[in-house]
$ cat target-v5.csv   # CSV, C-alpha atoms and all ligand atoms
chain,number,residue,atom,x,y,z
Y,693,MET,CA,-71.7,9.7,75.9
Y,694,THR,CA,-68.4,11.6,75.5
Y,695,GLY,CA,-67.3,13.0,72.1
Y,696,THR,CA,-63.7,13.3,71.0
Y,697,GLU,CA,-63.1,17.1,70.7
Y,698,PRO,CA,-63.2,19.0,74.0
Y,699,ILE,CA,-66.0,21.5,74.5
Y,700,LEU,CA,-63.7,23.3,76.9
Y,701,SER,CA,-59.9,23.3,76.8
Y,702,VAL,CA,-57.9,25.2,79.4
Y,703,ARG,CA,-54.2,25.7,78.5
Y,704,SER,CA,-51.5,26.7,81.0
Y,705,LEU,CA,-53.9,28.9,82.8
Y,706,THR,CA,-52.4,31.1,85.6
Y,707,VAL,CA,-54.5,33.6,87.7
Y,708,LEU,CA,-52.8,36.0,90.1
Y,709,LEU,CA,-55.1,37.8,92.5
Y,710,GLY,CA,-54.5,40.8,94.8
Y,711,GLY,CA,-51.0,42.0,94.9
Y,712,ARG,CA,-49.6,45.5,95.2
Y,713,ARG,CA,-52.0,48.1,96.5
Y,714,ARG,CA,-50.9,51.4,95.0
Y,715,TRP,CA,-53.3,53.6,96.9
Y,716,LEU,CA,-52.1,52.3,100.2
Y,717,ARG,CA,-48.4,52.3,99.1
Y,718,GLN,CA,-48.3,48.7,100.2
Y,719,SER,CA,-46.4,46.0,98.4
Y,720,VAL,CA,-48.5,42.8,98.9
Y,721,PRO,CA,-47.3,39.7,97.0
Y,722,PRO,CA,-50.1,38.4,94.7
Y,723,VAL,CA,-51.9,35.2,95.4
Y,724,ARG,CA,-51.1,32.6,92.7
Y,725,ALA,CA,-54.7,31.2,92.9
Y,726,VAL,CA,-54.5,29.2,89.7
Y,727,ASN,CA,-51.0,28.0,88.6
Y,728,ASP,CA,-50.3,26.7,85.1
Y,729,VAL,CA,-53.5,24.5,84.9
Y,730,SER,CA,-54.4,22.6,81.8
Y,731,LEU,CA,-57.7,20.7,81.6
Y,732,ASP,CA,-60.0,19.4,78.9
Y,733,ILE,CA,-63.7,18.7,79.2
Y,734,ARG,CA,-65.4,16.7,76.5
Y,735,PRO,CA,-69.1,17.0,75.5
Y,736,GLY,CA,-71.4,15.2,77.9
Y,737,GLU,CA,-68.6,14.6,80.5
Y,738,ILE,CA,-68.7,15.4,84.2
Y,739,VAL,CA,-65.3,16.5,85.5
Y,740,GLY,CA,-65.0,16.7,89.3
Y,741,LEU,CA,-62.6,19.3,90.5
Y,742,VAL,CA,-61.4,18.5,94.1
Y,743,GLY,CA,-59.1,20.0,96.6
Y,744,GLU,CA,-59.0,21.5,100.1
Y,745,SER,CA,-60.4,24.9,100.9
Y,746,GLY,CA,-58.5,27.8,99.2
Y,747,CYS,CA,-56.7,25.6,96.6
Y,748,GLY,CA,-58.2,27.7,93.7
Y,749,LYS,CA,-61.3,25.8,92.6
Y,750,THR,CA,-63.7,28.7,92.5
Y,751,THR,CA,-61.1,31.0,90.9
Y,752,LEU,CA,-60.6,28.4,88.1
Y,753,GLY,CA,-64.4,28.1,87.6
Y,754,ARG,CA,-64.8,31.9,87.6
Y,755,THR,CA,-62.0,32.3,85.1
Y,756,VAL,CA,-63.4,29.7,82.8
Y,757,LEU,CA,-66.7,31.7,82.9
Y,758,GLY,CA,-65.0,35.0,82.1
Y,759,LEU,CA,-66.0,36.5,85.5
Y,760,GLN,CA,-62.3,36.6,86.4
Y,761,ARG,CA,-59.6,37.6,84.0
Y,762,GLU,CA,-56.7,35.2,83.4
Y,763,THR,CA,-53.1,36.4,84.0
Y,764,SER,CA,-51.7,34.1,81.3
Y,765,GLY,CA,-52.7,31.0,79.4
Y,766,GLU,CA,-55.6,30.3,77.1
Y,767,ILE,CA,-59.2,29.1,77.2
Y,768,HIS,CA,-60.8,27.5,74.2
Y,769,LEU,CA,-64.5,26.9,73.8
Y,770,ASP,CA,-65.5,24.5,70.9
Y,771,GLY,CA,-61.9,25.0,69.6
Y,772,ALA,CA,-62.1,28.8,69.5
Y,773,VAL,CA,-60.0,31.0,71.7
Y,774,VAL,CA,-62.2,32.9,74.2
Y,775,SER,CA,-59.5,34.3,76.5
Y,776,GLY,CA,-57.5,37.5,76.3
Y,777,MET,CA,-60.7,39.6,76.0
Y,778,SER,CA,-62.3,42.4,78.1
Y,779,PRO,CA,-64.6,41.0,80.8
Y,780,ALA,CA,-67.8,42.1,78.8
Y,781,LYS,CA,-66.6,40.4,75.6
Y,782,ALA,CA,-65.3,37.3,77.5
Y,783,ARG,CA,-68.8,36.7,79.1
Y,784,LEU,CA,-70.5,37.2,75.7
Y,785,ALA,CA,-68.1,34.7,74.0
Y,786,ARG,CA,-68.8,32.2,76.8
Y,787,LYS,CA,-72.6,32.5,77.1
Y,788,ALA,CA,-72.8,28.7,76.5
Y,789,ILE,CA,-71.2,28.4,80.0
Y,790,GLN,CA,-73.3,29.2,83.1
Y,791,TYR,CA,-72.3,29.2,86.7
Y,792,VAL,CA,-74.2,27.7,89.6
Y,793,HIS,CA,-73.0,29.7,92.6
Y,794,GLN,CA,-71.4,28.2,95.8
Y,795,ASP,CA,-74.1,30.1,97.8
Y,796,ALA,CA,-77.6,29.5,96.2
Y,797,ALA,CA,-79.4,32.1,98.3
Y,798,ALA,CA,-76.9,34.8,97.7
Y,799,ALA,CA,-77.4,34.5,93.9
Y,800,LEU,CA,-81.1,35.4,94.2
Y,801,ASP,CA,-82.7,38.8,95.0
Y,802,PRO,CA,-84.5,38.4,98.3
Y,803,TRP,CA,-87.1,41.1,97.4
Y,804,TRP,CA,-88.1,39.5,94.1
Y,805,SER,CA,-90.4,36.5,93.6
Y,806,ILE,CA,-88.7,33.5,92.0
Y,807,GLY,CA,-90.9,34.0,88.9
Y,808,ARG,CA,-89.8,37.7,88.5
Y,809,THR,CA,-86.1,36.8,88.8
Y,810,LEU,CA,-86.4,34.0,86.3
Y,811,ARG,CA,-88.5,36.1,83.8
Y,812,GLU,CA,-86.1,39.0,84.1
Y,813,GLY,CA,-83.3,36.7,82.9
Y,814,LEU,CA,-85.3,35.8,79.8
Y,815,LEU,CA,-86.1,39.4,79.1
Y,816,ILE,CA,-82.4,40.3,79.2
Y,817,HIS,CA,-81.8,37.5,76.8
Y,818,GLY,CA,-84.3,39.0,74.3
Y,819,MET,CA,-87.6,37.1,75.0
Y,820,ARG,CA,-90.1,40.0,74.6
Y,821,ASP,CA,-93.4,38.1,74.9
Y,822,ALA,CA,-94.6,38.1,78.5
Y,823,ALA,CA,-96.8,35.0,78.1
Y,824,GLU,CA,-93.9,33.1,76.5
Y,825,ARG,CA,-91.6,34.1,79.4
Y,826,SER,CA,-94.1,32.8,82.0
Y,827,ALA,CA,-94.6,29.5,80.1
Y,828,LYS,CA,-90.9,29.0,79.8
Y,829,VAL,CA,-90.4,29.7,83.5
Y,830,ALA,CA,-93.1,27.1,84.4
Y,831,GLU,CA,-91.5,24.6,82.1
Y,832,MET,CA,-88.1,25.0,83.7
Y,833,LEU,CA,-89.5,24.8,87.3
Y,834,THR,CA,-91.1,21.6,86.4
Y,835,ALA,CA,-87.9,20.3,84.8
Y,836,VAL,CA,-86.0,20.7,88.1
Y,837,GLY,CA,-88.8,19.0,90.1
Y,838,LEU,CA,-90.6,22.1,91.5
Y,839,ASP,CA,-94.3,23.0,91.2
Y,840,PRO,CA,-94.8,25.9,88.7
Y,841,THR,CA,-96.6,27.8,91.5
Y,842,ALA,CA,-93.1,28.2,93.1
Y,843,ALA,CA,-92.8,31.2,90.7
Y,844,GLN,CA,-95.0,33.2,93.1
Y,845,ARG,CA,-92.9,32.6,96.2
Y,846,TYR,CA,-89.8,34.4,97.5
Y,847,PRO,CA,-86.3,33.0,98.2
Y,848,HIS,CA,-86.8,32.8,102.0
Y,849,GLU,CA,-89.8,30.6,101.5
Y,850,PHE,CA,-87.7,27.7,100.1
Y,851,SER,CA,-85.5,25.1,101.8
Y,852,GLY,CA,-81.8,24.8,100.9
Y,853,GLY,CA,-82.4,21.9,98.5
Y,854,GLN,CA,-85.3,23.7,96.8
Y,855,LEU,CA,-83.1,26.8,96.4
Y,856,ARG,CA,-80.5,24.7,94.5
Y,857,ARG,CA,-83.3,23.6,92.2
Y,858,VAL,CA,-84.3,27.3,91.6
Y,859,THR,CA,-80.7,28.3,90.8
Y,860,LEU,CA,-80.5,25.4,88.4
Y,861,ALA,CA,-83.7,26.4,86.7
Y,862,ARG,CA,-82.4,29.9,86.3
Y,863,MET,CA,-79.3,28.7,84.5
Y,864,LEU,CA,-81.1,26.2,82.4
Y,865,LEU,CA,-83.4,29.0,81.0
Y,866,LEU,CA,-80.3,30.4,79.3
Y,867,SER,CA,-79.8,27.1,77.3
Y,868,PRO,CA,-76.2,26.5,78.5
Y,869,ARG,CA,-74.1,23.6,77.2
Y,870,LEU,CA,-71.6,23.6,80.0
Y,871,LEU,CA,-72.4,24.3,83.7
Y,872,VAL,CA,-69.8,25.2,86.2
Y,873,LEU,CA,-71.3,23.8,89.5
Y,874,ASP,CA,-69.6,25.2,92.5
Y,875,GLU,CA,-70.3,23.0,95.6
Y,876,PRO,CA,-73.9,22.6,94.5
Y,877,THR,CA,-74.7,20.2,97.4
Y,878,SER,CA,-72.7,21.8,100.3
Y,879,GLY,CA,-74.8,22.4,103.4
Y,880,LEU,CA,-77.5,19.9,102.4
Y,881,ASP,CA,-78.4,16.8,104.3
Y,882,MET,CA,-77.6,13.4,102.7
Y,883,SER,CA,-81.0,12.6,101.3
Y,884,VAL,CA,-81.5,16.1,99.8
Y,885,GLN,CA,-77.9,15.9,98.4
Y,886,ALA,CA,-78.8,12.6,96.7
Y,887,THR,CA,-81.9,14.1,95.1
Y,888,VAL,CA,-80.0,17.1,93.8
Y,889,LEU,CA,-77.2,14.8,92.4
Y,890,ASN,CA,-79.9,12.5,90.7
Y,891,LEU,CA,-81.5,15.6,89.2
Y,892,LEU,CA,-78.1,16.7,87.8
Y,893,LEU,CA,-77.5,13.3,86.2
Y,894,GLU,CA,-81.1,13.3,84.8
Y,895,LEU,CA,-80.6,16.8,83.3
Y,896,ARG,CA,-77.3,15.9,81.8
Y,897,ALA,CA,-78.9,12.8,80.1
Y,898,ARG,CA,-82.0,14.7,79.0
Y,899,LEU,CA,-80.4,18.0,77.8
Y,900,GLY,CA,-77.0,16.7,76.8
Y,901,LEU,CA,-75.2,19.0,79.3
Y,902,THR,CA,-71.5,19.0,80.3
Y,903,TYR,CA,-70.5,19.8,83.9
Y,904,LEU,CA,-67.4,21.1,85.6
Y,905,PHE,CA,-68.3,20.0,89.1
Y,906,ILE,CA,-66.4,21.7,92.0
Y,907,SER,CA,-66.4,20.0,95.4
Y,908,HIS,CA,-64.3,19.2,98.4
Y,909,ASP,CA,-66.6,16.2,99.1
Y,910,LEU,CA,-65.0,13.1,97.6
Y,911,SER,CA,-68.1,10.9,98.1
Y,912,VAL,CA,-70.2,13.3,96.0
Y,913,VAL,CA,-67.5,13.5,93.4
Y,914,GLU,CA,-67.3,9.7,93.2
Y,915,ARG,CA,-71.0,9.5,92.7
Y,916,LEU,CA,-71.3,12.1,90.0
Y,917,SER,CA,-68.1,12.5,88.0
Y,918,ASP,CA,-66.7,10.6,85.0
Y,919,ARG,CA,-63.3,12.0,85.5
Y,920,VAL,CA,-61.6,13.8,88.5
Y,921,ALA,CA,-58.9,16.5,88.6
Y,922,ILE,CA,-57.2,16.9,92.0
Y,923,MET,CA,-56.0,20.4,92.7
Y,924,TYR,CA,-53.4,21.4,95.2
Y,925,LEU,CA,-52.3,25.0,95.8
Y,926,GLY,CA,-53.4,26.3,92.4
Y,927,ARG,CA,-52.2,23.3,90.4
Y,928,VAL,CA,-53.8,20.2,89.1
Y,929,VAL,CA,-51.6,17.4,90.5
Y,930,GLU,CA,-53.5,14.3,89.3
Y,931,THR,CA,-56.3,13.6,86.8
Y,932,ALA,CA,-57.9,10.3,85.8
Y,933,ALA,CA,-61.2,8.5,85.3
Y,934,THR,CA,-63.1,8.5,88.6
Y,935,ALA,CA,-62.9,4.7,89.1
Y,936,THR,CA,-59.1,4.9,88.5
Y,937,ILE,CA,-58.5,7.7,91.0
Y,938,PHE,CA,-60.4,5.9,93.7
Y,939,ALA,CA,-58.8,2.5,92.9
Y,940,ARG,CA,-55.2,3.5,92.1
Y,941,PRO,CA,-54.5,7.0,93.4
Y,942,MET,CA,-50.8,7.9,92.6
Y,943,HIS,CA,-50.1,11.3,93.9
Y,944,PRO,CA,-49.3,11.3,97.7
Y,945,TYR,CA,-51.7,14.2,98.1
Y,946,THR,CA,-54.6,12.3,96.5
Y,947,ARG,CA,-53.8,9.3,98.8
Y,948,VAL,CA,-54.0,11.5,101.8
Y,949,LEU,CA,-57.3,13.0,100.7
Y,950,LEU,CA,-58.7,9.5,100.1
Y,951,ALA,CA,-57.4,8.3,103.5
Y,952,ALA,CA,-59.0,11.3,105.2
Y,953,ALA,CA,-62.3,11.1,103.2
Y,954,PRO,CA,-64.7,10.4,106.1
Y,955,ARG,CA,-63.5,13.6,107.8
Y,956,LEU,CA,-64.1,15.6,104.7
Y,957,ASP,CA,-67.9,15.0,105.1
Y,958,ARG,CA,-67.8,17.1,108.2
Y,959,ALA,CA,-67.3,20.9,108.3
Y,960,LYS,CA,-64.9,22.4,105.9
Y,961,ASP,CA,-62.9,24.0,108.7
Y,962,THR,CA,-62.1,20.7,110.3
Y,963,GLY,CA,-61.3,19.0,107.0
Y,964,VAL,CA,-58.1,17.6,105.7
Y,965,ASP,CA,-55.9,20.4,107.2
Y,966,THR,CA,-56.2,18.9,110.7
Y,967,VAL,CA,-55.0,15.6,109.2
Y,968,ILE,CA,-51.9,16.6,107.3
Y,969,GLY,CA,-51.0,20.1,108.6
Y,970,ASP,CA,-51.5,23.5,107.0
Y,971,PRO,CA,-50.8,24.1,103.3
Y,972,PRO,CA,-48.0,26.5,102.5
Y,973,SER,CA,-48.9,30.1,101.5
Y,974,HIS,CA,-50.3,30.8,98.0
Y,975,THR,CA,-48.0,33.8,97.9
Y,976,GLN,CA,-44.8,31.8,98.6
Y,977,VAL,CA,-42.7,31.0,95.5
Y,978,HIS,CA,-42.0,27.2,95.4
Y,979,VAL,CA,-38.7,26.1,93.8
Y,980,GLY,CA,-39.7,22.4,93.7
Y,981,CYS,CA,-42.9,20.6,94.4
Y,982,ALA,CA,-45.4,22.7,96.4
Y,983,PHE,CA,-46.5,19.6,98.3
Y,984,VAL,CA,-43.0,18.5,99.5
Y,985,GLY,CA,-43.4,20.1,103.0
Y,986,ARG,CA,-46.3,17.8,103.8
Y,987,CYS,CA,-45.3,14.8,101.7
Y,988,PRO,CA,-44.2,11.6,103.4
Y,989,ILE,CA,-42.0,10.5,100.5
Y,990,GLY,CA,-40.5,13.9,99.5
Y,991,THR,CA,-36.8,13.9,98.6
Y,992,ASP,CA,-34.1,16.5,97.6
Y,993,LEU,CA,-35.2,16.1,94.0
Y,994,CYS,CA,-38.8,17.2,95.0
Y,995,ARG,CA,-37.4,20.2,96.9
Y,996,THR,CA,-35.4,21.5,93.9
Y,997,THR,CA,-37.3,20.4,90.8
Y,998,PRO,CA,-41.0,20.9,90.2
Y,999,PRO,CA,-42.7,17.7,88.9
Y,1000,PRO,CA,-44.6,18.3,85.7
Y,1001,LEU,CA,-48.1,16.8,85.2
Y,1002,ARG,CA,-47.2,13.8,83.0
Y,1003,SER,CA,-49.0,10.8,81.6
Y,1004,ILE,CA,-48.3,7.7,83.7
Y,1005,GLU,CA,-50.9,5.4,82.3
Y,1006,ASN,CA,-53.5,6.0,79.5
Y,1007,GLY,CA,-55.6,8.9,80.7
Y,1008,HIS,CA,-54.0,9.0,84.1
Y,1009,ASP,CA,-51.7,12.1,84.6
Y,1010,VAL,CA,-49.8,12.8,87.8
Y,1011,ALA,CA,-47.4,15.6,88.9
Y,1012,CYS,CA,-45.1,13.5,91.1
Y,1013,HIS,CA,-41.5,12.4,90.4
Y,1014,TYR,CA,-42.2,9.0,91.9
Y,1015,ALA,CA,-45.5,8.1,90.2
Y,1016,GLN,CA,-45.1,4.8,88.3
Y,1017,PRO,CA,-47.6,2.7,86.4
Y,1018,ALA,CA,-46.7,-0.7,88.0
Y,1019,ASP,CA,-45.5,0.2,91.4
Y,1020,PRO,CA,-47.1,3.4,92.7
Y,1021,VAL,CA,-46.3,5.0,96.1
Y,1022,PRO,CA,-47.1,2.4,98.8
Y,1023,ALA,CA,-50.5,3.3,100.2
Y,1024,GLY,CA,-49.7,2.3,103.8
Y,1025,THR,CA,-46.9,4.9,104.1
Y,1026,VAL,CA,-49.3,7.8,103.5
Y,1027,ARG,CA,-52.2,6.4,105.5
Y,1028,MET,CA,-49.9,5.9,108.6
Y,1029,HIS,CA,-48.6,9.5,108.2
Y,1030,ALA,CA,-52.2,10.8,108.1
Y,1031,VAL,CA,-53.2,8.9,111.2
Y,1032,ALA,CA,-50.0,9.9,113.0
Y,1033,SER,CA,-50.5,13.6,112.2
Y,1034,ALA,CA,-54.1,13.6,113.4
Y,1035,LYS,CA,-53.1,12.7,116.9
Y,1101,LIG,N1,-59.9,38.8,95.4
Y,1101,LIG,C1,-58.9,38.1,96.0
Y,1101,LIG,N2,-57.7,38.7,96.3
Y,1101,LIG,C2,-56.7,38.0,96.8
Y,1101,LIG,N3,-56.7,36.7,97.0
Y,1101,LIG,C3,-57.9,36.0,96.8
Y,1101,LIG,C4,-59.0,36.7,96.2
Y,1101,LIG,N4,-60.0,35.8,96.0
Y,1101,LIG,C5,-59.5,34.6,96.4
Y,1101,LIG,N5,-58.2,34.7,96.9
Y,1101,LIG,C6,-57.3,33.7,97.4
Y,1101,LIG,O1,-57.1,32.8,96.3
Y,1101,LIG,C7,-57.0,31.5,96.7
Y,1101,LIG,C8,-58.0,30.6,96.0
Y,1101,LIG,O2,-59.3,30.9,96.4
Y,1101,LIG,P1,-60.6,30.1,95.9
Y,1101,LIG,O3,-61.8,30.8,96.4
Y,1101,LIG,O4,-60.5,29.9,94.4
Y,1101,LIG,O5,-60.5,28.7,96.6
Y,1101,LIG,P2,-61.5,27.5,96.7
Y,1101,LIG,O6,-60.7,26.3,96.3
Y,1101,LIG,O7,-62.7,27.7,95.9
Y,1101,LIG,O8,-61.8,27.4,98.3
Y,1101,LIG,P3,-63.2,26.9,99.0
Y,1101,LIG,O9,-63.2,25.4,98.9
Y,1101,LIG,O10,-63.0,27.4,100.4
Y,1101,LIG,O11,-64.4,27.5,98.3
Y,1101,LIG,C9,-57.2,31.5,98.3
Y,1101,LIG,O12,-56.0,31.5,98.9
Y,1101,LIG,C10,-57.9,32.8,98.5
Y,1101,LIG,O13,-57.6,33.4,99.7
Y,1102,MG,MG,-64.7,27.9,96.4

$ encode --input "target-v5.csv" --output "structure tokens"
Amino acid sequence: MTGTEPILSVRSLTVLLGGRRRWLRQSVPPVRAVNDVSLDIRPGEIVGLVGESGCGKTTLGRTVLGLQRETSGEIHLDGAVVSGMSPAKARLARKAIQYVHQDAAAALDPWWSIGRTLREGLLIHGMRDAAERSAKVAEMLTAVGLDPTAAQRYPHEFSGGQLRRVTLARMLLLSPRLLVLDEPTSGLDMSVQATVLNLLLELRARLGLTYLFISHDLSVVERLSDRVAIMYLGRVVETAATATIFARPMHPYTRVLLAAAPRLDRAKDTGVDTVIGDPPSHTQVHVGCAFVGRCPIGTDLCRTTPPPLRSIENGHDVACHYAQPADPVPAGTVRMHAVASAK
């Protein structure tokens, strides 16, 4: 299903947020929300972007979309550079990419019927004929498994799972080729989660879509993604095919995430942080590896030299000095550390 040339290519992307507030005469260090990230997504692929809360997933997604300006680095869409533009031009150049919001209800106007919201989107995109707009809306509601009469209802009349379907229909009306899905199943119970995931797989197959799928839930990522990128404090620290990540994780952070996976299914606030301690500040400048303070195998080399993301095996890249193809970091070490810290 995947082609050879990437549909999206992110090159050494860095995004600094906040920082000095001139009007308050305050000097606040900027947050390095995305730090030197490179990532390719091929047509038809589902890439899962995983990491604990605050690691920069949404910022990366918003920057890919053009909703957030990059500080440095490049973004290529179908081989053409689409970064380094004003926000308005950036969004226009990236109209093939659409965003499914972390909070489905917040993305819809509570005072407008679903039909009005969806038709308005089509009008903005130049569909002048009212009957044509209504027919297209009915077609898309059906495509996401809703009855066309849903067009007459208001956002508060839908369940969480139905609202995710509505936001998907809204994006699909714009004929995107790449969807950035930001936690599309968070807050849904298991059975509704499963139907939304099945719908996403079905839409990919039927419409030839490509997804950047953001989640902190490893079980969901395992179910949906072809490839996974693990993010830690703004950086991608490991990327490989999904089966490889789950069978042979190499970065100590990925191993801790996998060891703590059942806990991640619970509330975000009680997620991996309680298992392995707090992450360091995003504003802190790290001389060596940003994970060294929480790493069970960190050495002086890690404290002084940042590990680059390097290819360890075919299609398996890891940013750890000690990642090796034949003899990766012993799993027991990290698992024991995780359990000990949780007590
Ligand atoms: N406008 C802003 N100004 C300053 N810092 C910000 C701003 N927006 C986000 N941040 C910081 O940037 C970092 C990355 O935030 P981001 O929302 O991308 O994380 P995330 O991985 O999506 O987290 P979550 O899983 O909770 O959604 C966080 O430390 C956050 O506090
Ligand atoms: Mg987020």

$ residues_near_ligand --input "target-v5.csv" --ligand "ligand LIG 1101 (chain Y)" --cutoff "10 Å" --atoms "only C-alpha atoms and all ligand atoms" --output "PyMOL selection string"
chain Y and resi 707-711+720-726+741-755+760+794+874-875+906-909+923-926+960-961+973-975

$ write_last_selection --input "target-v5.csv" --atoms "C-alpha atoms" --output "PDB file, keeping the file's coordinate frame"
ATOM      1  CA  VAL Y 707     -54.500  33.600  87.700  1.00  0.00           C
ATOM      2  CA  LEU Y 708     -52.800  36.000  90.100  1.00  0.00           C
ATOM      3  CA  LEU Y 709     -55.100  37.800  92.500  1.00  0.00           C
ATOM      4  CA  GLY Y 710     -54.500  40.800  94.800  1.00  0.00           C
ATOM      5  CA  GLY Y 711     -51.000  42.000  94.900  1.00  0.00           C
ATOM      6  CA  VAL Y 720     -48.500  42.800  98.900  1.00  0.00           C
ATOM      7  CA  PRO Y 721     -47.300  39.700  97.000  1.00  0.00           C
ATOM      8  CA  PRO Y 722     -50.100  38.400  94.700  1.00  0.00           C
ATOM      9  CA  VAL Y 723     -51.900  35.200  95.400  1.00  0.00           C
ATOM     10  CA  ARG Y 724     -51.100  32.600  92.700  1.00  0.00           C
ATOM     11  CA  ALA Y 725     -54.700  31.200  92.900  1.00  0.00           C
ATOM     12  CA  VAL Y 726     -54.500  29.200  89.700  1.00  0.00           C
ATOM     13  CA  LEU Y 741     -62.600  19.300  90.500  1.00  0.00           C
ATOM     14  CA  VAL Y 742     -61.400  18.500  94.100  1.00  0.00           C
ATOM     15  CA  GLY Y 743     -59.100  20.000  96.600  1.00  0.00           C
ATOM     16  CA  GLU Y 744     -59.000  21.500 100.100  1.00  0.00           C
ATOM     17  CA  SER Y 745     -60.400  24.900 100.900  1.00  0.00           C
ATOM     18  CA  GLY Y 746     -58.500  27.800  99.200  1.00  0.00           C
ATOM     19  CA  CYS Y 747     -56.700  25.600  96.600  1.00  0.00           C
ATOM     20  CA  GLY Y 748     -58.200  27.700  93.700  1.00  0.00           C
ATOM     21  CA  LYS Y 749     -61.300  25.800  92.600  1.00  0.00           C
ATOM     22  CA  THR Y 750     -63.700  28.700  92.500  1.00  0.00           C
ATOM     23  CA  THR Y 751     -61.100  31.000  90.900  1.00  0.00           C
ATOM     24  CA  LEU Y 752     -60.600  28.400  88.100  1.00  0.00           C
ATOM     25  CA  GLY Y 753     -64.400  28.100  87.600  1.00  0.00           C
ATOM     26  CA  ARG Y 754     -64.800  31.900  87.600  1.00  0.00           C
ATOM     27  CA  THR Y 755     -62.000  32.300  85.100  1.00  0.00           C
ATOM     28  CA  GLN Y 760     -62.300  36.600  86.400  1.00  0.00           C
ATOM     29  CA  GLN Y 794     -71.400  28.200  95.800  1.00  0.00           C
ATOM     30  CA  ASP Y 874     -69.600  25.200  92.500  1.00  0.00           C
ATOM     31  CA  GLU Y 875     -70.300  23.000  95.600  1.00  0.00           C
ATOM     32  CA  ILE Y 906     -66.400  21.700  92.000  1.00  0.00           C
ATOM     33  CA  SER Y 907     -66.400  20.000  95.400  1.00  0.00           C
ATOM     34  CA  HIS Y 908     -64.300  19.200  98.400  1.00  0.00           C
ATOM     35  CA  ASP Y 909     -66.600  16.200  99.100  1.00  0.00           C
ATOM     36  CA  MET Y 923     -56.000  20.400  92.700  1.00  0.00           C
ATOM     37  CA  TYR Y 924     -53.400  21.400  95.200  1.00  0.00           C
ATOM     38  CA  LEU Y 925     -52.300  25.000  95.800  1.00  0.00           C
ATOM     39  CA  GLY Y 926     -53.400  26.300  92.400  1.00  0.00           C
ATOM     40  CA  LYS Y 960     -64.900  22.400 105.900  1.00  0.00           C
ATOM     41  CA  ASP Y 961     -62.900  24.000 108.700  1.00  0.00           C
ATOM     42  CA  SER Y 973     -48.900  30.100 101.500  1.00  0.00           C
ATOM     43  CA  HIS Y 974     -50.300  30.800  98.000  1.00  0.00           C
ATOM     44  CA  THR Y 975     -48.000  33.800  97.900  1.00  0.00           C
TER      45      THR Y 975
END

$ residues_around --input "target-v5.csv" --residues "region 937-939 of chain Y" --least-positions-apart "2" --cutoff "10 Å" --atoms "only C-alpha atoms" --output "list in words"
Leu910, Glu914, Arg919, Val920, Ala921, Ile922, Glu930, Thr931, Ala932, Ala933, Thr934, Ala935, Pro941, Met942, His943, Thr946, Arg947, Leu950 and His1008 of chain Y

$ closest_residue --input "target-v5.csv" --among "Y:Ala796, Y:Ile789, Y:Leu866, Y:Met882" --to "Phe850 (chain Y)" --atoms "only C-alpha atoms"
Y:Ala796

$ closest_residue --input "target-v5.csv" --among "Y:Ala782, Y:Val792, Y:Ala823, Y:Ile738" --to "ligand MG 1102 (chain Y)" --atoms "only C-alpha atoms and all ligand atoms"
Y:Val792

$ residues_near_point --input "target-v5.csv" --point "(-76.4, 23.5, 79.3)" --cutoff "7 Å" --atoms "only C-alpha atoms" --output "tab-separated table (two decimals) with C-alpha atoms, in the coordinates of the input"
chain	number	residue	atom	x	y	z
Y	788	ALA	CA	-72.80	28.70	76.50
Y	864	LEU	CA	-81.10	26.20	82.40
Y	867	SER	CA	-79.80	27.10	77.30
Y	868	PRO	CA	-76.20	26.50	78.50
Y	869	ARG	CA	-74.10	23.60	77.20
Y	870	LEU	CA	-71.60	23.60	80.00
Y	871	LEU	CA	-72.40	24.30	83.70
Y	899	LEU	CA	-80.40	18.00	77.80
Y	901	LEU	CA	-75.20	19.00	79.30
Y	902	THR	CA	-71.50	19.00	80.30

$ decode --input "target-v5.csv" --residues "region 1010-1017 of chain Y" --atoms "N, CA and C atoms" --output "PDB file, in the first residue's frame"
ATOM      1  N   VAL Y1010      17.433   4.774  15.975  1.00  0.00           N
ATOM      2  CA  VAL Y1010      17.405   4.961  17.431  1.00  0.00           C
ATOM      3  C   VAL Y1010      18.409   6.039  17.832  1.00  0.00           C
ATOM      4  N   ALA Y1011      18.012   6.911  18.773  1.00  0.00           N
ATOM      5  CA  ALA Y1011      18.920   7.935  19.291  1.00  0.00           C
ATOM      6  C   ALA Y1011      19.420   7.502  20.660  1.00  0.00           C
ATOM      7  N   CYS Y1012      20.271   6.482  20.680  1.00  0.00           N
ATOM      8  CA  CYS Y1012      20.876   6.020  21.937  1.00  0.00           C
ATOM      9  C   CYS Y1012      22.277   5.513  21.598  1.00  0.00           C
ATOM     10  N   HIS Y1013      23.279   5.952  22.403  1.00  0.00           N
ATOM     11  CA  HIS Y1013      24.656   5.510  22.141  1.00  0.00           C
ATOM     12  C   HIS Y1013      24.797   3.998  22.232  1.00  0.00           C
ATOM     13  N   TYR Y1014      23.888   3.368  23.021  1.00  0.00           N
ATOM     14  CA  TYR Y1014      24.080   1.948  23.323  1.00  0.00           C
ATOM     15  C   TYR Y1014      23.131   1.025  22.558  1.00  0.00           C
ATOM     16  N   ALA Y1015      22.424   1.555  21.580  1.00  0.00           N
ATOM     17  CA  ALA Y1015      21.556   0.700  20.767  1.00  0.00           C
ATOM     18  C   ALA Y1015      22.417  -0.110  19.807  1.00  0.00           C
ATOM     19  N   GLN Y1016      22.182  -1.401  19.769  1.00  0.00           N
ATOM     20  CA  GLN Y1016      22.941  -2.293  18.885  1.00  0.00           C
ATOM     21  C   GLN Y1016      21.975  -3.252  18.207  1.00  0.00           C
ATOM     22  N   PRO Y1017      22.272  -3.691  16.984  1.00  0.00           N
ATOM     23  CA  PRO Y1017      21.351  -4.603  16.314  1.00  0.00           C
ATOM     24  C   PRO Y1017      21.233  -5.957  16.998  1.00  0.00           C
TER      25      PRO Y1017
END
